Amino acid sequence: MPRHIRTIALAVLLGCGSTAPNITRNADLDVLFIGNSLTATNDIPGLVSSLGQISGGPHVRVLQVSFGNFSLEDHWNQGDALEAIDREGWDYVVMQQGPSTLPESRQNLIEWAGRFAERIRQAGARPAIYMVWPSNGDFDGVSRSYTDAAHAVNGMLIPVGEAFRIVSRDHPEITIFQSDNFHPTQAGSYLAALVIYGQLSDREVEGVTLRRPVTRLSQTDAAELEAAADQANRDYGIH
């Protein structure tokens, strides 16, 4: 996987042909994403920025530092994420790695999230933990690992994995995984962005898609994704 280090100023919402205005100036929230392909696939940070434009809520300036298969430890050793934290004033720094369900992986997530959290707070921002989803169906294990990490660093928990659990269980007709059963489809990436935007902005996302049609999702499917995002944030999110 190639690396991604970029500022999103013009973000396309699921290929609908409409772009968001340039919001690198006068953004309400400045958010740095640190992760791997589960952040970069379909440009989830860019979708978050687009949601700020169509929702009537806070506008979001985003930048992502993502490398394929990277853990937070890998990011720390690589150094680009640390430079990005120090370089600009952020409101939130959103951290993500793999499912981290094994005990040693859970401890690794907690340890390195903690190291990053200290650096993030020194830079005047708040750490946020982006809970992903399992590759093997172990939603409980992922939820435990990421919730433990959020508590350990006293950070925000963005429960994307719980929204994926809801949709997988209640709406299997909506395809949120690619053929590898792990990376998100465009619908899955949109679901992730809905959860992230809702949690960062402390707003419900129900109905946002109606304000600007998403051509690759039916309105019914979009409404189900919005409902799942709001339910996950209400039931599992930590502010």
# chains A, B, ... in the order shown; residues from 1 in each chain; ligands from 1

$ closest_atom_pairs --of "region 128-229 of chain A" --to "region 110-114 of chain A" --cutoff "7 Å" --atoms "only C-alpha atoms" --output "Markdown table"
| residue | atom | partner | partner_atom | distance |
| --- | --- | --- | --- | --- |
| A:Ala149 | CA | A:Ile110 | CA | 4.7 |
| A:Ala152 | CA | A:Ile110 | CA | 6.8 |
| A:Val153 | CA | A:Gly114 | CA | 5.5 |

$ write_last_selection --atoms "C-alpha atoms" --output "compact mmCIF listing (two decimals), in the first residue's frame"
# COMPACT_ATOMS: atom_id res chain seq x y z
CA ALA A 149 -7.36 2.07 24.90
CA ALA A 152 -6.40 4.28 29.25
CA VAL A 153 -5.61 7.57 27.48

$ atom_distance --atom1 "CA of Gln199 (chain A)" --atom2 "CA of Arg87 (chain A)"
24.5 Å

$ closest_atom_pairs --of "region 69-168 of chain A" --to "region 30-39 of chain A" --cutoff "9 Å" --atoms "only C-alpha atoms" --output "CSV"
residue,atom,partner,partner_atom,distance
A:Asn69,CA,A:Asn36,CA,5.7
A:Phe70,CA,A:Asn36,CA,5.5
A:Ser71,CA,A:Gly35,CA,7.3
A:Leu72,CA,A:Gly35,CA,7.4
A:His75,CA,A:Ile34,CA,7.9
A:Ala81,CA,A:Ile34,CA,6.6
A:Ala84,CA,A:Leu32,CA,7.9
A:Ile85,CA,A:Leu32,CA,7.5
A:Gly89,CA,A:Asp30,CA,7.4
A:Trp90,CA,A:Asp30,CA,5.0
A:Asp91,CA,A:Asp30,CA,5.3
A:Tyr92,CA,A:Val31,CA,5.0
A:Val93,CA,A:Leu32,CA,4.7
A:Val94,CA,A:Phe33,CA,4.7
A:Met95,CA,A:Ile34,CA,4.9
A:Gln96,CA,A:Gly35,CA,4.7
A:Gln97,CA,A:Gly35,CA,5.7
A:Gly98,CA,A:Leu38,CA,8.0
A:Val132,CA,A:Leu38,CA,7.6

$ write_last_selection --atoms "C-alpha atoms" --output "mmCIF file, in the first residue's frame"
data_model
loop_
_atom_site.group_PDB
_atom_site.id
_atom_site.type_symbol
_atom_site.label_atom_id
_atom_site.label_comp_id
_atom_site.auth_asym_id
_atom_site.auth_seq_id
_atom_site.Cartn_x
_atom_site.Cartn_y
_atom_site.Cartn_z
ATOM 1 C CA ASN A 69 -0.496 -2.272 7.507
ATOM 2 C CA PHE A 70 0.962 0.229 9.979
ATOM 3 C CA SER A 71 0.379 0.002 13.722
ATOM 4 C CA LEU A 72 0.726 3.008 15.997
ATOM 5 C CA HIS A 75 3.925 5.311 13.007
ATOM 6 C CA ALA A 81 2.851 11.288 12.305
ATOM 7 C CA ALA A 84 2.328 16.233 11.697
ATOM 8 C CA ILE A 85 1.145 16.443 15.316
ATOM 9 C CA GLY A 89 -2.715 23.209 15.612
ATOM 10 C CA TRP A 90 -5.228 20.357 15.842
ATOM 11 C CA ASP A 91 -8.429 19.998 17.800
ATOM 12 C CA TYR A 92 -8.374 16.194 17.597
ATOM 13 C CA VAL A 93 -5.897 13.553 16.518
ATOM 14 C CA VAL A 94 -7.706 10.355 15.492
ATOM 15 C CA MET A 95 -5.645 7.170 15.914
ATOM 16 C CA GLN A 96 -6.301 3.791 14.286
ATOM 17 C CA GLN A 97 -4.535 0.480 13.846
ATOM 18 C CA GLY A 98 -5.676 -3.093 13.089
ATOM 19 C CA VAL A 132 -12.253 -0.508 13.606
#

$ residues_around --residues "Trp133 (chain A)" --least-positions-apart "6" --cutoff "10 Å" --atoms "only C-alpha atoms" --output "list in words"
Leu38, Gly98, Pro99, Ser100, Thr101, Phe139, Asp140, Gly141, Val142, Ser143, Pro159, Val160, Gly161, Glu162, Ala163, Phe164, Arg165, Phe182, His183 and Pro184 of chain A

$ closest_residue --among "A:Glu173, A:Asp28, A:Asp221, A:Glu206" --to "Pro58 (chain A)" --atoms "only C-alpha atoms"
A:Asp28
